[in-house]
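**Q** Can you read through this structure? Questions will come right after.
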Amino acid sequence: MSTHEFLLEVRCEEIPANALPGARAQLVEGFARELTEAGFGGVETRAYSTVRRLVVSVLGLPERQPDRDEEVTGPPVKAAYTGDGAPTQAAAGFAKALGISVEDLRVVKGPKGEVIAGTKHLIGRATAEVLAEVAPRVVAGLHFPKTMRWGSGEHAFVRPVHGVVALFGAGKLATQIPFELFGVASGTATVGHRVISPGRIELRAVRGFASYAEMLGHAGVVVDPAVRRERLEHGTQALAAEVGCEVRPDPGLVAEHVELVEYPGVIRGKIEARFLDLPEEVLITTLRHHQKCLVLTRDDQVAPYFLAVSDRKDDPQGVVKQGNEWVAGARLTDAAFFFAQDRKQPLSGQVTKLERVVFHQKLGSFAQKSALVGALAPKLAADAGVTTDAAVFARAATLLKADLSTAMVGEFPELQGVVGGIYAQRDGEPEQVWQAIRDQYTPAGLDGSIPRGDVGALLGVADRLDTLAGLFAVGEIPSGSRDPFALRRAALAIVRICAEFPLAVSLPLAVEQALTGRESFLKGDRTEVLAALRDFLLERERFYLTGAAGLSADVTEAVLAARWGVVPDDLARARVLQSVRQEPVFADLATAFKRVRNIVSKSGSGSLETKALEEPAERDLLAALGVVESKVGTALASADHGAAVRALAELAAPLDRFFTDVLVMCDDEALKAARLGLLARVEELFLRFADLSRLGA
Amino acid sequence: MDLQTLILTLSRFWGEHGCVVQQAYDLEVGAGTMHPETFLRVLGPEPYRVAYVQPSRRPADARFGENPFRLGKHLQLQVILKPSPADVQELYLASLHALGIDPAVHDVRFEEDNWESPTLGAWGVGWQVLLDGMEITQFTYFQQAGGQELKPISAEITYGLERIAMFLQRKNSIYEMTWNGELAYGKVRHQDEVELSRYAFDVADVEMLRRHFEDWERESGRCLECPEPLVVPALEAALKMSHLFNLLDARGAVAVTERVALIGRVRKLAVRCAKEYVVQRERLGFPLGRNGKKNGTSKPNGGSR
């Protein structure tokens, strides 16, 4: 009967919040894998944790490990049997080792030819015995973002381990599973919350995980993160409602709060009214960044309260609330000081200091970067056909990175851009300018909104192109999971801005211009670096089209193979192609185009001597081609991709007739060249839209 | 509790727990970690426990005495427990109790905060200790120092004294916090904060600082090249370089391209000092014993593992 249960608790010093979700997932995965391998089917594994303990519960275990059959291969057939098929000594020995008779041996194909094989029957051991091996192996095998050593320095884990409880049983968990973990022997007792109930808690004969969780609950420890989350959410909402406010949503912070405590306590503190004059972003970031506080709002305005997590049930003397209010006040005073200090001069006063702010060790300062971005952006504007006020553009480029020298961004790096935008707005800079500064870091890859103005969009693209070109120039090219400068995200943001703003900038051209700006930093071959940059952007465009834009892979390939990099154009062509591809005429067209491509790629593009063409089918195709070329030209000029594709469809019938009636590879060399030339012109026309040969069935 | 009582209480507490109560290092340093009683003692196998107050200079953090929370020179109370005892967190909490901070009524939490010093080739893993939301202590298990993997591991506990005193006294400015119950911190220190800020930001002679950086670099190298390398003088020279670098940095004289290189030059010497120190201690037969075998310090609470 599979009614036994295993309970494991590993008690540590405070484990980092960011390590816990991964640890729980690995514990479940590790126990499930090891137990399955050991022949235990249908067990249910759950993992829990607090800031000071990792907990595993396995349900549905039998008392004994099930017996298992294991396939074992032995010596080659040649060595196992004599010429007349009698088993040799080798075969007999092999069978004996497996505990079976020679008659039960089979012949199977091994990697080096035929070998004999047999089934070994393994008698299951006591489950407790198996657990004593599995548990320490799984825990010691956990991967953490960072591990450490302690004391004598012999062991490495996320934090020092102080106690291990491992119990097994049916109903009452009466069996202690003995093993050692990092020099700590497993036992039967734990301790409660450090302050609420620090005493020893005997767990032997506890009635399963639910009872364990209840006992620890009485000792101030809520072991299930889901329960802590529920209580925190309930607690924060209740405290907000008491003062007629709502909790400003912050799922990332709440997820962290869940991992920071054993007991999910919340306290509400008051913010002094004078701090509400600070820019809202500054206020929120100060409380969030330093104090991990949630902010309350009333009618969408920040209200003068914050909520802080505390690892306590209560606050008997009010010191926790008082302390948190004092710290919040101190932090906000500090922020107000930075704000006042920064505001002693306009944002433009920070620009000269950018010479001392490093962009990248090998790529100089942000002063240099600003200059390069300022020079690149107007080129992009010209290419995209966007007319902008040159003075506004230049101003925004000059001020773009100025906030990196401010005290506020020095303190809160995550406010870069936002602070510059606020300061520029307060300085009375034009809206286009402060918006561009504020929006420069959005979107971050797929997250975040697109800049609102032309200037912001163009500078955002130029800034990221310069970053890509610069880092590629000095060999900082992402590979595999290594992308320390988040260049994939930057490239994706470029594609997104171009697609969604939209900006009809040619990316292959633009990135070349960006690389030219970084020429003096270039290490390695320019052609190779440029090719790598283009591939990188093309890859991100492909990712965007097939992902966020929801286009099929073959349509994306067909469109990008013809040409790529003017993202709005690529997107429009792909959307049209995706919408018409199911029509029968396009199936025919795709088949015909594949033939055209095959012939031209095999036999060359000949030379179109129209006088040589005499067959009606080829004369018709020539005539139709002239008409369609003109229609496609007009349609593409006005970006009417629907009309272009309709025009191309008009070639389906003439092409079909051509391939039925005309033999391209005829003996007459001149005629053959003329026919190849005709097809080459067809190919060229299609490729102005898409390479239909890439379409799947 | 005034600042002075805070210092006296913590010194007594750690003295009673087997620490040598040392004095601040008599050179300008950026942190208590640079004191040879930390930087050198954590190397090699010899157990050690020490506590001291270290005035720590960070010229770039100076604010002309105008910011109520920031100082160019602040006080750290630094404790090193080598090897880190199993009950190190309990010991630390007991030290708070000694300060009249009863964890039973406060919220004390240990939140991840790791530490790294590129200048010393050192890093560690640990927490910032939060008391009712206030960061009062940096708690670090040293993993590497002077580029060397450490074994045994030392626990470093660093109390930010002004912050704790301000918090306990609920003062809104460092300068209003009381030093000894009579004199405010500002009365004792405000003027030197103003002057040191002016010096670091506006007055320091860049040419001279650079020249001395080079001079002390050569001097440190010379000390290390002696037939029996002079480890402490070499480290002192490197520490002087570190402070000169900090002044140059505050002065705005460190170009972006040279920053890493300058730090690297100090680290190179710190790493050599660390290496030579271990060689020297080994030659002396590790006079303080090896971890767990022979131990010069007392072991209250049966702590060491």
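We name chains A, B, ... following the order of the structure tokens; residues begin at 1 in each chain, and ligands are numbered from 1 as shown.
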List every residue of stretch 249-416 of chain A that DSSP, applied to the backbone of this structure, assigns to helix (DSSP H, G or I), and report them as a PyMOL selection string.

**A** chain A and resi 251-260+273-277+280-291+319-342+347-356+366-384+390-399+402-405+407-411+413-415

**Q** Within 8 Å of chain B, which residues of chain A are there when counting only C-alpha atoms? Please give them as a ChimeraX atom specification.

**A** /A:14-17,148-154,162,195-196,260,291,310-312,315-317,319-321,323-324,326-327,330,334,337,355-358,361-362,364-365

**Q** State, in Å with one decimal place, the distance from atom CA of A:Glu684 to atom CA of A:Ala653.

**A**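 So the two atoms, atom CA of A:Glu684 and atom CA of A:Ala653, lie 18.2 Å apart.
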
**Q** Write out as an NGL selection string the residues lying within 12 Å of B:Tyr199, counting only C-alpha atoms and excluding same-chain residues fewer than 6 positions away.

**A** :B and (59-60 or 62-64 or 72 or 192-193 or 205-206 or 247-248 or 250-251)

**Q** Would you list the contacts of A:Thr527 as a list in words, taking every protein, DNA or RNA residue within 12 Å and counting only C-alpha atoms, but skipping same-chain residues closer than 5 positions in sequence?

**A**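 Answer for this query is Phe472, Ala473, Glu512, Leu515, Thr516, Glu519, Leu522, Ala532, Leu533 and Arg534 of chain A.
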
**Q** With N, CA, C and O atoms retained, write the just-selected residues as an mmCIF file, in the first residue's frame.

**A**
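Produced file again18.cif, reproduced below:
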```
data_model
loop_
_atom_site.group_PDB
_atom_site.id
_atom_site.type_symbol
_atom_site.label_atom_id
_atom_site.label_comp_id
_atom_site.auth_asym_id
_atom_site.auth_seq_id
_atom_site.Cartn_x
_atom_site.Cartn_y
_atom_site.Cartn_z
ATOM 1 N N PHE A 472 29.758 45.267 -30.537
ATOM 2 C CA PHE A 472 30.219 44.311 -31.558
ATOM 3 C C PHE A 472 31.620 44.698 -32.030
ATOM 4 O O PHE A 472 32.462 43.837 -32.257
ATOM 5 N N ALA A 473 31.853 46.001 -32.161
ATOM 6 C CA ALA A 473 33.159 46.470 -32.649
ATOM 7 C C ALA A 473 34.286 46.016 -31.719
ATOM 8 O O ALA A 473 35.384 45.713 -32.170
ATOM 9 N N GLU A 512 25.153 50.008 -40.365
ATOM 10 C CA GLU A 512 26.444 50.313 -40.988
ATOM 11 C C GLU A 512 26.874 51.734 -40.617
ATOM 12 O O GLU A 512 28.038 51.977 -40.299
ATOM 13 N N LEU A 515 28.093 51.699 -37.140
ATOM 14 C CA LEU A 515 29.437 51.108 -37.050
ATOM 15 C C LEU A 515 30.493 52.099 -37.520
ATOM 16 O O LEU A 515 31.582 52.167 -36.946
ATOM 17 N N THR A 516 30.157 52.860 -38.543
ATOM 18 C CA THR A 516 31.089 53.883 -39.014
ATOM 19 C C THR A 516 31.399 54.857 -37.875
ATOM 20 O O THR A 516 32.539 55.268 -37.684
ATOM 21 N N GLU A 519 33.979 53.385 -35.710
ATOM 22 C CA GLU A 519 35.122 52.874 -36.480
ATOM 23 C C GLU A 519 36.427 52.877 -35.668
ATOM 24 O O GLU A 519 37.181 51.904 -35.687
ATOM 25 N N LEU A 522 37.081 49.903 -33.500
ATOM 26 C CA LEU A 522 36.915 48.600 -34.134
ATOM 27 C C LEU A 522 38.134 47.696 -33.949
ATOM 28 O O LEU A 522 39.255 48.086 -34.240
ATOM 29 N N ALA A 532 28.025 40.348 -38.889
ATOM 30 C CA ALA A 532 27.528 39.804 -37.616
ATOM 31 C C ALA A 532 26.407 40.690 -37.060
ATOM 32 O O ALA A 532 25.397 40.198 -36.564
ATOM 33 N N LEU A 533 26.589 41.998 -37.152
ATOM 34 C CA LEU A 533 25.566 42.941 -36.676
ATOM 35 C C LEU A 533 24.262 42.758 -37.448
ATOM 36 O O LEU A 533 23.177 42.741 -36.873
ATOM 37 N N ARG A 534 24.396 42.643 -38.781
ATOM 38 C CA ARG A 534 23.191 42.502 -39.607
ATOM 39 C C ARG A 534 22.482 41.185 -39.297
ATOM 40 O O ARG A 534 21.260 41.154 -39.171
#
```

**Q** Skip stretch 214-218 of chain B itself and residues of its chain fewer than 3 positions away, then list as a PDB file with N, CA and C atoms, in the first residue's frame all residues within 10 Å of it, counting only C-alpha atoms.

**A**
```pdb
ATOM      1  N   MET B 208      50.127  66.314  -7.411  1.00  0.00           N
ATOM      2  CA  MET B 208      50.801  65.702  -6.268  1.00  0.00           C
ATOM      3  C   MET B 208      50.211  64.319  -5.949  1.00  0.00           C
ATOM      4  N   LEU B 209      48.864  64.247  -6.005  1.00  0.00           N
ATOM      5  CA  LEU B 209      48.233  62.964  -5.686  1.00  0.00           C
ATOM      6  C   LEU B 209      48.709  61.881  -6.649  1.00  0.00           C
ATOM      7  N   ARG B 210      48.774  62.244  -7.934  1.00  0.00           N
ATOM      8  CA  ARG B 210      49.226  61.279  -8.934  1.00  0.00           C
ATOM      9  C   ARG B 210      50.668  60.843  -8.676  1.00  0.00           C
ATOM     10  N   ARG B 211      51.484  61.858  -8.362  1.00  0.00           N
ATOM     11  CA  ARG B 211      52.905  61.573  -8.132  1.00  0.00           C
ATOM     12  C   ARG B 211      53.043  60.622  -6.935  1.00  0.00           C
ATOM     13  N   GLY B 221      56.221  47.932  -3.985  1.00  0.00           N
ATOM     14  CA  GLY B 221      56.960  46.912  -4.730  1.00  0.00           C
ATOM     15  C   GLY B 221      58.318  46.639  -4.105  1.00  0.00           C
ATOM     16  N   ARG B 222      59.011  47.727  -3.703  1.00  0.00           N
ATOM     17  CA  ARG B 222      60.343  47.559  -3.083  1.00  0.00           C
ATOM     18  C   ARG B 222      60.256  46.738  -1.815  1.00  0.00           C
ATOM     19  N   CYS B 223      59.229  47.016  -1.012  1.00  0.00           N
ATOM     20  CA  CYS B 223      59.065  46.270   0.238  1.00  0.00           C
ATOM     21  C   CYS B 223      58.853  44.780  -0.037  1.00  0.00           C
ATOM     22  N   LEU B 224      58.111  44.513  -1.101  1.00  0.00           N
ATOM     23  CA  LEU B 224      57.825  43.110  -1.417  1.00  0.00           C
ATOM     24  C   LEU B 224      59.025  42.401  -2.012  1.00  0.00           C
ATOM     25  N   ALA B 234      54.421  47.040   2.890  1.00  0.00           N
ATOM     26  CA  ALA B 234      53.959  46.985   1.497  1.00  0.00           C
ATOM     27  C   ALA B 234      52.458  47.220   1.435  1.00  0.00           C
ATOM     28  N   GLU B 236      50.652  48.830   3.670  1.00  0.00           N
ATOM     29  CA  GLU B 236      50.396  50.228   4.026  1.00  0.00           C
ATOM     30  C   GLU B 236      50.564  51.130   2.813  1.00  0.00           C
ATOM     31  N   ALA B 237      51.602  50.864   2.038  1.00  0.00           N
ATOM     32  CA  ALA B 237      51.822  51.680   0.834  1.00  0.00           C
ATOM     33  C   ALA B 237      50.650  51.510  -0.137  1.00  0.00           C
ATOM     34  N   ALA B 238      50.159  50.268  -0.250  1.00  0.00           N
ATOM     35  CA  ALA B 238      49.028  50.020  -1.147  1.00  0.00           C
ATOM     36  C   ALA B 238      47.766  50.730  -0.638  1.00  0.00           C
ATOM     37  N   LEU B 239      47.605  50.744   0.689  1.00  0.00           N
ATOM     38  CA  LEU B 239      46.436  51.436   1.266  1.00  0.00           C
ATOM     39  C   LEU B 239      46.508  52.935   1.002  1.00  0.00           C
ATOM     40  N   LYS B 240      47.723  53.471   1.074  1.00  0.00           N
ATOM     41  CA  LYS B 240      47.882  54.894   0.763  1.00  0.00           C
ATOM     42  C   LYS B 240      47.471  55.147  -0.699  1.00  0.00           C
ATOM     43  N   MET B 241      47.875  54.233  -1.589  1.00  0.00           N
ATOM     44  CA  MET B 241      47.491  54.376  -3.004  1.00  0.00           C
ATOM     45  C   MET B 241      45.976  54.381  -3.142  1.00  0.00           C
ATOM     46  N   LEU B 244      44.690  57.675  -2.119  1.00  0.00           N
ATOM     47  CA  LEU B 244      45.033  58.686  -3.134  1.00  0.00           C
ATOM     48  C   LEU B 244      44.106  58.546  -4.340  1.00  0.00           C
ATOM     49  N   ARG B 265      46.052  48.388 -10.328  1.00  0.00           N
ATOM     50  CA  ARG B 265      47.433  48.519  -9.828  1.00  0.00           C
ATOM     51  C   ARG B 265      47.452  48.350  -8.309  1.00  0.00           C
ATOM     52  N   VAL B 266      46.437  48.864  -7.626  1.00  0.00           N
ATOM     53  CA  VAL B 266      46.388  48.687  -6.173  1.00  0.00           C
ATOM     54  C   VAL B 266      46.135  47.205  -5.851  1.00  0.00           C
ATOM     55  N   LEU B 269      49.078  44.832  -5.963  1.00  0.00           N
ATOM     56  CA  LEU B 269      49.935  44.864  -4.781  1.00  0.00           C
ATOM     57  C   LEU B 269      49.258  44.196  -3.592  1.00  0.00           C
TER      58      LEU B 269
END
```

**Q** Between B:Gln169, B:Arg12, B:Leu43, B:Arg283, which one has atoms that come closest to B:Val271, using only C-alpha atoms?

**A**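 Selected residue with least distance to B:Val271: B:Leu43.
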
**Q** Applying 8 Å and only C-alpha atoms, which residues near A:Arg395 remain after dropping the ones on its own chain fewer than 4 positions away? List them as a PyMOL selection string.

**A** chain A and resi 391+399+433

**Q** Using Å and a single decimal, report how far atom CA of B:Pro36 sits from atom CA of B:Leu288.

**A**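 Pair atom CA of B:Leu288 / atom CA of B:Pro36 returns 15.7 Å.
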
**Q** I want to know what sits within 10 Å of A:Asp277, based on only C-alpha atoms, with residues of the same chain fewer than 4 positions away left out; could you give that as a list in words?

**A**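 In the requested format, the answer is Ala273, Leu283 and Ala336 of chain A.
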
**Q** Atoms to include: all heavy atoms. Write the selected residues as an mmCIF file, in the first residue's frame.

**A**
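Contents of the output file out23.cif:
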```
data_model
loop_
_atom_site.group_PDB
_atom_site.id
_atom_site.type_symbol
_atom_site.label_atom_id
_atom_site.label_comp_id
_atom_site.auth_asym_id
_atom_site.auth_seq_id
_atom_site.Cartn_x
_atom_site.Cartn_y
_atom_site.Cartn_z
ATOM 1 N N ALA A 273 3.727 64.712 4.960
ATOM 2 C CA ALA A 273 3.087 65.378 3.823
ATOM 3 C C ALA A 273 4.095 66.110 2.936
ATOM 4 O O ALA A 273 3.960 66.123 1.721
ATOM 5 C CB ALA A 273 2.024 66.345 4.321
ATOM 6 N N LEU A 283 9.492 59.397 -5.325
ATOM 7 C CA LEU A 283 8.893 58.961 -4.061
ATOM 8 C C LEU A 283 8.739 57.439 -4.037
ATOM 9 O O LEU A 283 9.173 56.748 -3.107
ATOM 10 C CB LEU A 283 7.531 59.643 -3.909
ATOM 11 C CG LEU A 283 6.795 59.435 -2.609
ATOM 12 C CD1 LEU A 283 7.436 60.280 -1.515
ATOM 13 C CD2 LEU A 283 5.329 59.839 -2.751
ATOM 14 N N ALA A 336 15.057 63.989 -1.182
ATOM 15 C CA ALA A 336 14.714 65.403 -1.346
ATOM 16 C C ALA A 336 15.992 66.243 -1.423
ATOM 17 O O ALA A 336 16.067 67.205 -2.189
ATOM 18 C CB ALA A 336 13.842 65.872 -0.181
#
```
